[in-house]
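Shown next: work03.txt, containing compact mmCIF, C-alpha atoms.
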# COMPACT_ATOMS: atom_id res chain seq x y z
CA MET A 1 0.00 0.00 0.00
CA LYS A 2 1.06 3.59 -0.58
CA ASP A 3 2.18 5.75 2.34
CA ASN A 4 -0.98 7.82 2.58
CA THR A 5 -3.01 4.63 2.96
CA VAL A 6 -0.53 3.19 5.46
CA VAL A 7 -0.58 6.20 7.77
CA THR A 8 -4.37 6.36 7.61
CA HIS A 9 -4.93 2.77 8.74
CA ALA A 10 -1.76 1.19 10.21
CA GLY A 11 -2.05 0.40 13.90
CA ASN A 12 -5.82 0.87 14.02
CA ARG A 13 -7.76 -2.17 15.24
CA PRO A 14 -11.29 -0.80 15.65
CA PHE A 15 -13.06 -4.13 16.05
CA GLU A 16 -10.85 -5.03 18.98
CA ASN A 17 -12.17 -1.82 20.60
CA TYR A 18 -15.95 -1.86 20.06
CA GLY A 19 -15.55 -0.42 16.56
CA ILE A 20 -13.85 2.75 17.80
CA VAL A 21 -11.67 4.20 15.02
CA ASN A 22 -8.86 5.64 17.13
CA PRO A 23 -6.97 3.35 19.53
CA PRO A 24 -8.04 3.98 23.13
CA VAL A 25 -5.64 5.74 25.49
CA TYR A 26 -4.60 3.24 28.15
CA HIS A 27 -3.26 4.82 31.33
CA ALA A 28 -1.60 1.85 32.97
CA SER A 29 1.06 0.78 35.40
CA THR A 30 -0.30 -2.34 37.14
CA VAL A 31 -1.75 -5.07 34.94
CA LEU A 32 -3.55 -7.85 36.85
CA SER A 33 -3.37 -11.57 36.22
CA GLU A 34 -6.63 -13.46 36.49
CA THR A 35 -5.06 -16.63 37.90
CA LEU A 36 -1.88 -17.66 39.68
CA GLU A 37 -0.93 -19.74 36.67
CA GLN A 38 -1.09 -16.65 34.44
CA ARG A 39 0.98 -14.73 36.95
CA ILE A 40 3.71 -17.37 37.07
CA ASP A 41 3.86 -17.95 33.31
CA ARG A 42 3.53 -14.60 31.55
CA SER A 43 5.27 -15.63 28.33
CA ASN A 44 2.06 -15.25 26.31
CA ALA A 45 0.92 -12.04 27.99
CA LYS A 46 1.47 -9.15 25.57
CA VAL A 47 0.31 -6.58 28.12
CA ARG A 48 2.20 -7.25 31.35
CA TYR A 49 3.07 -3.87 32.86
CA GLY A 50 2.52 -0.30 31.75
CA ARG A 51 6.17 0.37 30.96
CA ALA A 52 6.33 -2.74 28.75
CA GLY A 53 3.56 -1.44 26.51
CA THR A 54 -0.19 -1.14 26.12
CA PRO A 55 -2.54 -1.25 23.11
CA THR A 56 -1.92 2.50 22.79
CA SER A 57 1.85 2.17 22.37
CA PHE A 58 1.50 -0.98 20.26
CA ALA A 59 -0.65 0.98 17.80
CA LEU A 60 2.02 3.65 17.23
CA GLU A 61 4.80 1.06 17.04
CA GLU A 62 2.84 -0.88 14.43
CA ALA A 63 2.08 2.24 12.40
CA MET A 64 5.69 3.46 12.43
CA THR A 65 6.92 -0.02 11.51
CA ALA A 66 4.65 0.05 8.48
CA LEU A 67 5.67 3.59 7.46
CA GLU A 68 9.42 2.92 7.81
CA GLN A 69 9.13 -0.57 6.23
CA ALA A 70 10.79 -2.00 9.33
CA HIS A 71 10.65 -5.26 11.27
CA GLY A 72 9.75 -3.48 14.49
CA THR A 73 9.80 -0.08 16.20
CA VAL A 74 10.78 0.97 19.71
CA LEU A 75 9.44 4.22 21.17
CA ALA A 76 11.46 6.70 23.23
CA PRO A 77 10.46 9.81 25.21
CA SER A 78 12.37 12.19 22.88
CA GLY A 79 14.35 12.19 19.68
CA LEU A 80 17.61 12.41 21.60
CA ALA A 81 16.56 9.48 23.79
CA ALA A 82 15.94 7.46 20.63
CA ILE A 83 19.43 8.33 19.36
CA THR A 84 21.17 7.48 22.62
CA MET A 85 19.22 4.23 23.07
CA ALA A 86 20.03 3.08 19.55
CA LEU A 87 23.74 3.76 20.05
CA CYS A 88 23.92 2.24 23.53
CA ALA A 89 22.33 -0.98 22.32
CA PHE A 90 25.43 -1.82 20.25
CA VAL A 91 28.50 -0.40 22.00
CA GLU A 92 30.64 -1.28 24.98
CA THR A 93 33.99 -0.28 26.43
CA GLY A 94 36.75 -0.50 23.83
CA ASP A 95 34.50 -0.01 20.83
CA HIS A 96 34.85 2.55 18.06
CA ILE A 97 32.04 4.33 16.23
CA LEU A 98 31.98 6.58 13.17
CA VAL A 99 29.73 9.64 13.22
CA THR A 100 29.04 12.07 10.41
CA ASP A 101 30.60 15.48 11.03
CA SER A 102 27.29 17.13 10.16
CA THR A 103 25.41 15.39 12.93
CA TYR A 104 22.84 16.94 15.26
CA THR A 105 24.81 18.70 18.04
CA PRO A 106 23.26 16.76 20.97
CA THR A 107 24.35 13.52 19.25
CA ARG A 108 27.90 14.90 19.20
CA ASN A 109 27.64 15.97 22.84
CA PHE A 110 26.48 12.49 23.88
CA SER A 111 29.28 10.84 21.92
CA ASN A 112 31.96 13.19 23.27
CA GLY A 113 30.61 13.02 26.81
CA VAL A 114 28.77 9.90 27.90
CA LEU A 115 30.21 7.46 25.37
CA LYS A 116 33.74 8.74 25.96
CA ARG A 117 33.36 8.21 29.72
CA LEU A 118 32.20 4.66 28.99
CA GLY A 119 35.33 4.00 26.96
CA VAL A 120 33.78 4.23 23.49
CA GLU A 121 35.80 6.17 20.92
CA THR A 122 33.98 8.40 18.44
CA GLU A 123 35.59 9.36 15.14
CA TYR A 124 33.90 11.96 12.93
CA PHE A 125 33.92 11.68 9.15
CA ASP A 126 33.29 13.88 6.14
CA PRO A 127 29.54 13.64 5.34
CA LEU A 128 30.40 13.30 1.64
CA ILE A 129 32.82 10.42 2.10
CA GLY A 130 30.54 7.81 0.52
CA ALA A 131 32.30 4.48 -0.18
CA GLY A 132 35.51 5.99 1.25
CA ILE A 133 34.13 5.20 4.71
CA ALA A 134 35.67 1.75 4.23
CA GLU A 135 39.11 3.20 4.97
CA LEU A 136 37.96 4.37 8.41
CA ILE A 137 36.41 1.10 9.57
CA ARG A 138 38.48 -0.72 12.19
CA ASP A 139 38.21 -4.19 13.68
CA ASN A 140 36.48 -2.66 16.73
CA THR A 141 34.10 -0.39 14.77
CA ARG A 142 30.56 -1.26 15.78
CA VAL A 143 28.34 1.54 14.45
CA ILE A 144 28.29 4.11 11.67
CA TRP A 145 25.96 6.99 12.49
CA THR A 146 24.63 9.00 9.54
CA GLU A 147 22.24 11.90 9.10
CA CYS A 148 20.86 12.79 5.72
CA PRO A 149 20.69 15.61 4.97
CA GLY A 150 23.12 16.83 7.60
CA SER A 151 22.19 19.19 10.39
CA GLN A 152 22.58 22.92 9.64
CA THR A 153 24.39 22.52 6.30
CA PHE A 154 22.11 19.91 4.65
CA ASP A 155 24.85 17.79 3.12
CA VAL A 156 23.40 14.77 1.27
CA GLN A 157 25.13 11.50 2.12
CA ASP A 158 25.41 8.46 -0.15
CA LEU A 159 23.86 6.00 2.29
CA PRO A 160 23.80 2.96 -0.04
CA ALA A 161 27.57 3.31 -0.57
CA ILE A 162 28.15 3.61 3.19
CA VAL A 163 25.91 0.61 3.87
CA GLU A 164 27.79 -1.56 1.38
CA ALA A 165 31.15 -0.73 2.95
CA ALA A 166 29.84 -1.17 6.50
CA HIS A 167 28.08 -4.49 5.98
CA ALA A 168 31.21 -5.94 4.39
CA ARG A 169 32.74 -5.56 7.86
CA ASP A 170 29.60 -6.44 9.90
CA VAL A 171 29.15 -2.85 11.10
CA VAL A 172 25.66 -1.59 12.00
CA VAL A 173 24.50 1.48 10.07
CA MET A 174 22.08 3.90 11.72
CA THR A 175 20.58 7.07 10.32
CA ASP A 176 18.68 10.06 11.63
CA ASN A 177 15.68 10.06 9.28
CA THR A 178 13.77 12.93 10.90
CA TRP A 179 14.10 15.29 7.91
CA SER A 180 12.11 12.93 5.67
CA GLY A 181 9.59 12.03 8.35
CA GLY A 182 9.83 8.46 7.12
CA TYR A 183 7.53 9.68 4.38
CA PHE A 184 10.02 10.88 1.76
CA ARG A 185 12.68 8.22 2.40
CA LYS A 186 12.85 4.55 3.43
CA PRO A 187 16.41 3.96 4.71
CA LEU A 188 15.77 0.37 5.79
CA ALA A 189 14.76 -0.49 2.23
CA GLU A 190 18.23 0.76 1.20
CA GLY A 191 19.95 -1.57 3.66
CA VAL A 192 20.30 0.75 6.67
CA ASP A 193 19.84 -1.25 9.87
CA ILE A 194 18.17 1.35 12.10
CA SER A 195 16.22 4.51 11.25
CA VAL A 196 15.80 6.96 14.12
CA GLN A 197 13.36 9.86 14.16
CA ALA A 198 12.57 12.69 16.50
CA ALA A 199 8.84 12.07 16.27
CA THR A 200 8.62 15.44 18.01
CA LYS A 201 8.98 16.91 14.52
CA TYR A 202 6.96 15.68 11.54
CA ILE A 203 5.27 12.64 13.09
CA VAL A 204 3.58 14.70 15.80
CA GLY A 205 3.49 17.79 13.58
CA HIS A 206 1.94 20.20 16.08
CA SER A 207 4.84 21.30 18.33
CA ASP A 208 3.32 19.87 21.49
CA VAL A 209 4.92 16.46 22.16
CA MET A 210 8.42 15.13 22.80
CA MET A 211 8.95 11.64 21.37
CA GLY A 212 11.39 9.47 19.43
CA THR A 213 11.11 6.32 17.33
CA ILE A 214 13.69 3.63 16.55
CA ALA A 215 12.67 1.60 13.48
CA CYS A 216 14.77 -1.56 13.19
CA ASN A 217 15.41 -4.36 10.76
CA GLU A 218 15.03 -7.96 11.90
CA ALA A 219 18.69 -8.34 12.84
CA THR A 220 18.70 -5.39 15.26
CA TYR A 221 15.17 -5.17 16.67
CA GLU A 222 15.43 -7.50 19.67
CA GLN A 223 18.73 -5.98 20.78
CA VAL A 224 17.31 -2.44 20.67
CA ARG A 225 14.07 -3.46 22.37
CA SER A 226 15.87 -5.31 25.16
CA SER A 227 18.39 -2.52 25.75
CA SER A 228 15.68 0.14 25.79
CA SER A 229 13.69 -1.88 28.31
CA SER A 230 16.75 -2.22 30.54
CA TYR A 231 17.14 1.56 30.56
CA GLY A 232 13.49 1.95 31.57
CA MET A 233 12.47 3.80 28.42
CA CYS A 234 8.75 4.37 27.92
CA CYS A 235 6.36 7.09 26.74
CA GLY A 236 3.22 8.54 28.25
CA PRO A 237 -0.05 7.36 26.68
CA ASP A 238 -1.39 10.85 26.01
CA ASP A 239 1.77 11.75 24.09
CA ILE A 240 1.50 8.53 22.10
CA TYR A 241 -2.10 9.34 21.27
CA LEU A 242 -1.09 12.78 19.98
CA ALA A 243 1.68 11.23 17.90
CA LEU A 244 -0.82 8.80 16.39
CA ARG A 245 -3.17 11.68 15.63
CA GLY A 246 -0.38 13.62 13.96
CA LEU A 247 0.77 10.62 11.95
CA ARG A 248 -2.62 10.30 10.26
CA THR A 249 -2.12 13.61 8.44
CA ILE A 250 1.62 13.44 7.77
CA GLY A 251 1.09 12.90 4.05
CA VAL A 252 -0.84 16.08 3.36
CA ARG A 253 1.41 18.05 5.69
CA MET A 254 4.67 16.84 4.16
CA ASP A 255 3.47 17.55 0.65
CA ARG A 256 2.62 21.11 1.73
CA HIS A 257 5.97 21.55 3.52
CA PHE A 258 7.70 20.35 0.33
CA GLU A 259 5.80 22.74 -1.92
CA ASN A 260 6.16 25.73 0.40
CA GLY A 261 9.82 25.02 1.13
CA VAL A 262 10.87 24.89 -2.51
CA LYS A 263 8.97 28.08 -3.28
CA LEU A 264 10.71 29.98 -0.49
CA ALA A 265 14.09 28.46 -1.35
CA GLU A 266 13.76 29.62 -4.96
CA TRP A 267 12.74 33.09 -3.80
CA LEU A 268 15.68 33.28 -1.39
CA GLN A 269 18.02 32.38 -4.26
CA SER A 270 16.88 35.52 -6.05
CA ARG A 271 17.62 37.85 -3.13
CA PRO A 272 20.81 39.95 -3.15
CA GLU A 273 21.11 39.54 0.65
CA VAL A 274 21.48 35.76 0.26
CA THR A 275 24.74 34.23 -0.99
CA ARG A 276 23.81 30.56 -0.75
CA VAL A 277 20.71 28.38 -0.30
CA MET A 278 21.18 24.85 1.06
CA HIS A 279 18.17 22.86 -0.13
CA PRO A 280 18.74 19.43 -1.73
CA ALA A 281 15.66 19.72 -3.95
CA LEU A 282 17.15 22.67 -5.82
CA PRO A 283 18.94 21.61 -9.03
CA GLN A 284 21.88 23.86 -8.10
CA ASP A 285 22.46 22.08 -4.78
CA PRO A 286 25.60 19.85 -4.70
CA GLY A 287 23.57 16.97 -3.27
CA HIS A 288 20.67 17.24 -5.68
CA GLU A 289 21.39 14.13 -7.76
CA ILE A 290 21.69 11.85 -4.73
CA TRP A 291 18.60 13.46 -3.20
CA LYS A 292 16.66 12.83 -6.42
CA ARG A 293 17.82 9.19 -6.42
CA ASP A 294 17.01 8.43 -2.77
CA PHE A 295 14.12 10.72 -1.78
CA THR A 296 10.61 11.21 -3.11
CA GLY A 297 10.33 14.75 -1.72
CA ALA A 298 11.76 17.28 0.69
CA SER A 299 10.63 18.61 4.02
CA GLY A 300 10.30 22.26 4.97
CA LEU A 301 13.67 22.50 6.71
CA PHE A 302 16.68 23.96 4.92
CA GLY A 303 19.41 26.57 5.28
CA PHE A 304 20.70 29.71 3.66
CA VAL A 305 23.56 32.13 4.14
CA LEU A 306 23.22 35.88 4.52
CA GLU A 307 26.00 38.03 3.11
CA GLU A 308 25.59 40.33 6.12
CA ASN A 309 26.68 38.95 9.50
CA ASN A 310 26.44 42.14 11.55
CA ARG A 311 24.57 41.32 14.77
CA ASP A 312 22.66 44.61 14.93
CA LYS A 313 21.44 44.20 11.36
CA LEU A 314 20.44 40.61 12.05
CA SER A 315 18.51 41.74 15.12
CA ALA A 316 16.70 44.36 13.07
CA MET A 317 15.61 41.64 10.68
CA MET A 318 14.68 38.99 13.23
CA ASN A 319 13.12 40.91 16.09
CA HIS A 320 9.99 41.99 14.26
CA MET A 321 9.07 38.91 12.26
CA GLU A 322 5.35 38.28 12.29
CA LEU A 323 5.19 34.72 10.95
CA HIS A 324 8.68 33.25 11.44
CA GLY A 325 9.17 32.41 15.10
CA MET A 326 12.55 32.07 16.77
CA GLY A 327 12.58 28.70 18.49
CA SER A 328 14.31 25.35 18.67
CA SER A 329 12.82 22.26 17.10
CA TRP A 330 10.94 22.22 13.79
CA GLY A 331 8.47 20.02 11.95
CA GLY A 332 5.37 21.72 13.31
CA TYR A 333 2.72 23.57 11.36
CA GLU A 334 4.39 26.93 12.03
CA SER A 335 7.40 28.53 10.35
CA LEU A 336 10.63 29.11 12.28
CA LEU A 337 13.84 31.01 11.55
CA ILE A 338 17.04 31.00 13.61
CA PRO A 339 20.74 31.75 13.02
CA SER A 340 23.19 28.84 13.16
CA TRP A 341 26.95 28.50 13.43
CA PRO A 342 28.06 25.18 11.87
CA GLU A 343 31.72 26.19 12.09
CA GLN A 344 31.52 25.81 15.87
CA SER A 345 30.85 22.07 15.81
CA ARG A 346 32.82 20.68 12.84
CA THR A 347 35.96 18.71 13.65
CA ALA A 348 36.60 16.38 10.68
CA THR A 349 35.70 19.04 8.13
CA SER A 350 35.42 22.81 8.17
CA TRP A 351 32.71 25.31 7.34
CA ASP A 352 34.46 28.21 5.64
CA VAL A 353 31.51 29.92 3.94
CA PRO A 354 31.53 33.63 4.85
CA GLY A 355 28.39 35.30 6.12
CA GLN A 356 25.67 34.37 8.59
CA CYS A 357 24.21 30.87 8.29
CA MET A 358 20.45 30.62 8.89
CA ARG A 359 18.11 27.68 9.41
CA ILE A 360 14.51 28.00 8.28
CA HIS A 361 11.56 25.69 8.75
CA VAL A 362 8.78 26.51 6.31
CA GLY A 363 5.40 25.74 7.82
CA LEU A 364 1.90 25.40 6.45
CA GLU A 365 1.13 29.10 6.06
CA ASP A 366 0.48 30.62 2.65
CA PRO A 367 3.93 30.90 1.05
CA ASP A 368 3.23 34.39 -0.29
CA ASP A 369 2.63 35.61 3.26
CA LEU A 370 5.87 33.98 4.40
CA ILE A 371 7.76 35.65 1.56
CA ALA A 372 6.27 39.01 2.49
CA ASP A 373 7.38 38.50 6.10
CA LEU A 374 10.95 37.72 4.99
CA GLU A 375 10.98 40.60 2.53
CA ALA A 376 10.00 43.03 5.28
CA GLY A 377 12.77 41.57 7.42
CA PHE A 378 15.35 42.13 4.69
CA GLU A 379 14.17 45.73 4.35
CA ARG A 380 14.69 46.29 8.07
CA MET A 381 18.14 44.69 7.87
CA ASN A 382 19.16 46.84 4.93
CA LYS A 383 18.09 50.05 6.69
CA ALA A 384 19.76 49.25 10.03
Can the structure in the file be given as structure tokens, please?
Amino acid sequence: MKDNTVVTHAGNRPFENYGIVNPPVYHASTVLSETLEQRIDRSNAKVRYGRAGTPTSFALEEAMTALEQAHGTVLAPSGLAAITMALCAFVETGDHILVTDSTYTPTRNFSNGVLKRLGVETEYFDPLIGAGIAELIRDNTRVIWTECPGSQTFDVQDLPAIVEAAHARDVVVMTDNTWSGGYFRKPLAEGVDISVQAATKYIVGHSDVMMGTIACNEATYEQVRSSSSSYGMCCGPDDIYLALRGLRTIGVRMDRHFENGVKLAEWLQSRPEVTRVMHPALPQDPGHEIWKRDFTGASGLFGFVLEENNRDKLSAMMNHMELHGMGSSWGGYESLLIPSWPEQSRTATSWDVPGQCMRIHVGLEDPDDLIADLEAGFERMNKA
């Protein structure tokens, strides 16, 4: 079935719930056994304790498994928790992991902090390395962490080439798939072992829930599930319900984000204040050909570079925006715009592009209104 059909129906079991369309919200900790025999032998009890899952969490897991074309999905209370749980499931003291240099900053912080204290070495690599990753794989390399496109600079990685090199050495490949929402890309179908999302973003879609998902292939699912359970990971039922509600409309939202994002990216390309637009769907983007091969669309998140990097001028532009909010996160219905500094986090590569880097999330507003808001901001910047 096509994605729009999958997200409409996957995980719904109405005739197990009196015909109710949406899965009920189970608030549960204690789950009773009817007999002593059931209490002693719980091997066939799917619902055993609230933290181990309820029909509410099973519904979202089933739906995300279908969307990501996975064997199984594990939920986490945030996107970062999903990242850390996926990594921790496969590493131990003395191991080595490879992480893309364009990774999400909290992933870098976790690797440089917690994993380092546990005796796990992290080595960062050029996002555009492709098959060359083979030269960095050691005998103790356990995981290659990718993110496509990369955080802040939107570098497009050749995941199939990385997967081929990794699997030749029995290395697990993970990817942060949040940008596609699982809607515009299917990493597991390309051979990636684990696809992680901050469901906070496009799955939920309404800027009101923190959640993460870990979609796994058959070879990795049990290890991730068991490790996550050992760490006590679980999500609240009301948050799961909101994620399920958001998932049902992800198709129409992502298509609108795609359309709006490209329109604003093309407009930004025409502006004299902008020296560079980083959007893989643009034919001029260095990663466009790989994006066109591996994705069916693009989300509303991309970057651009302002020629002007004077702080007072930037404040004049940003402080009076009507439609573009200044806030962390993205993936909601509303547009966001913040400055970014990729040069501060790169270690394996460098970011030498002059000017002020910006990150924009194009929401579901009318794109002409968003353009007018940005145009007014540029006018303020130019007059300051």
Interatomic distance, CA of Ala59 in chain A to CA of Lys2 in chain A (Å, one decimal) = 18.6 Å
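Distance-wise, CA of Asp238 in chain A and CA of Arg39 in chain A end up 27.9 Å apart.
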Determine, counting all atoms listed in the file, which protein, DNA and RNA residues have an atom within 8 Å of an atom of range 95-103 of chain A; residues of the same chain fewer than 3 positions away are not included. Present the result as a compact mmCIF listing (two decimals) with C-alpha atoms, keeping the file's coordinate frame.
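Output below, filename selection34.txt:
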# COMPACT_ATOMS: atom_id res chain seq x y z
CA VAL A 91 28.50 -0.40 22.00
CA GLU A 92 30.64 -1.28 24.98
CA THR A 107 24.35 13.52 19.25
CA ARG A 108 27.90 14.90 19.20
CA GLY A 119 35.33 4.00 26.96
CA VAL A 120 33.78 4.23 23.49
CA GLU A 121 35.80 6.17 20.92
CA THR A 122 33.98 8.40 18.44
CA GLU A 123 35.59 9.36 15.14
CA TYR A 124 33.90 11.96 12.93
CA PHE A 125 33.92 11.68 9.15
CA ASP A 126 33.29 13.88 6.14
CA PRO A 127 29.54 13.64 5.34
CA LEU A 136 37.96 4.37 8.41
CA ILE A 137 36.41 1.10 9.57
CA ARG A 138 38.48 -0.72 12.19
CA ASN A 140 36.48 -2.66 16.73
CA THR A 141 34.10 -0.39 14.77
CA ARG A 142 30.56 -1.26 15.78
CA VAL A 143 28.34 1.54 14.45
CA ILE A 144 28.29 4.11 11.67
CA TRP A 145 25.96 6.99 12.49
CA THR A 146 24.63 9.00 9.54
CA GLU A 147 22.24 11.90 9.10
CA GLY A 150 23.12 16.83 7.60
CA SER A 151 22.19 19.19 10.39
CA GLN A 152 22.58 22.92 9.64
CA THR A 153 24.39 22.52 6.30
CA ASP A 155 24.85 17.79 3.12
CA ARG A 346 32.82 20.68 12.84
CA THR A 347 35.96 18.71 13.65
CA ALA A 348 36.60 16.38 10.68
CA THR A 349 35.70 19.04 8.13
Mind running range 321-371 of chain A against range 306-315 of chain A at 7 Å and telling me each contacting residue's nearest atom pair with the distance in Å (one decimal), counting all atoms listed in the file, chain and number ascending, as CSV?
residue,atom,partner,partner_atom,distance
A:Gly355,CA,A:Glu307,CA,4.7
A:Gln356,CA,A:Asn309,CA,4.8
A:Cys357,CA,A:Leu306,CA,6.3
Using only C-alpha atoms, please write the residues we just selected to a file, as a PDB file, keeping the file's coordinate frame.
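The result, stored in out-v3.pdb:
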ATOM      1  CA  GLY A 355      28.390  35.300   6.120  1.00  0.00           C
ATOM      2  CA  GLN A 356      25.670  34.370   8.590  1.00  0.00           C
ATOM      3  CA  CYS A 357      24.210  30.870   8.290  1.00  0.00           C
TER       4      CYS A 357
END
For Asn382 in chain A: contacts at 10 Å, only C-alpha atoms, fewer than 2 positions along chain excluded, given as an MDAnalysis selection string = chainID A and resid 273 308 313:314 316:317 376:380 384
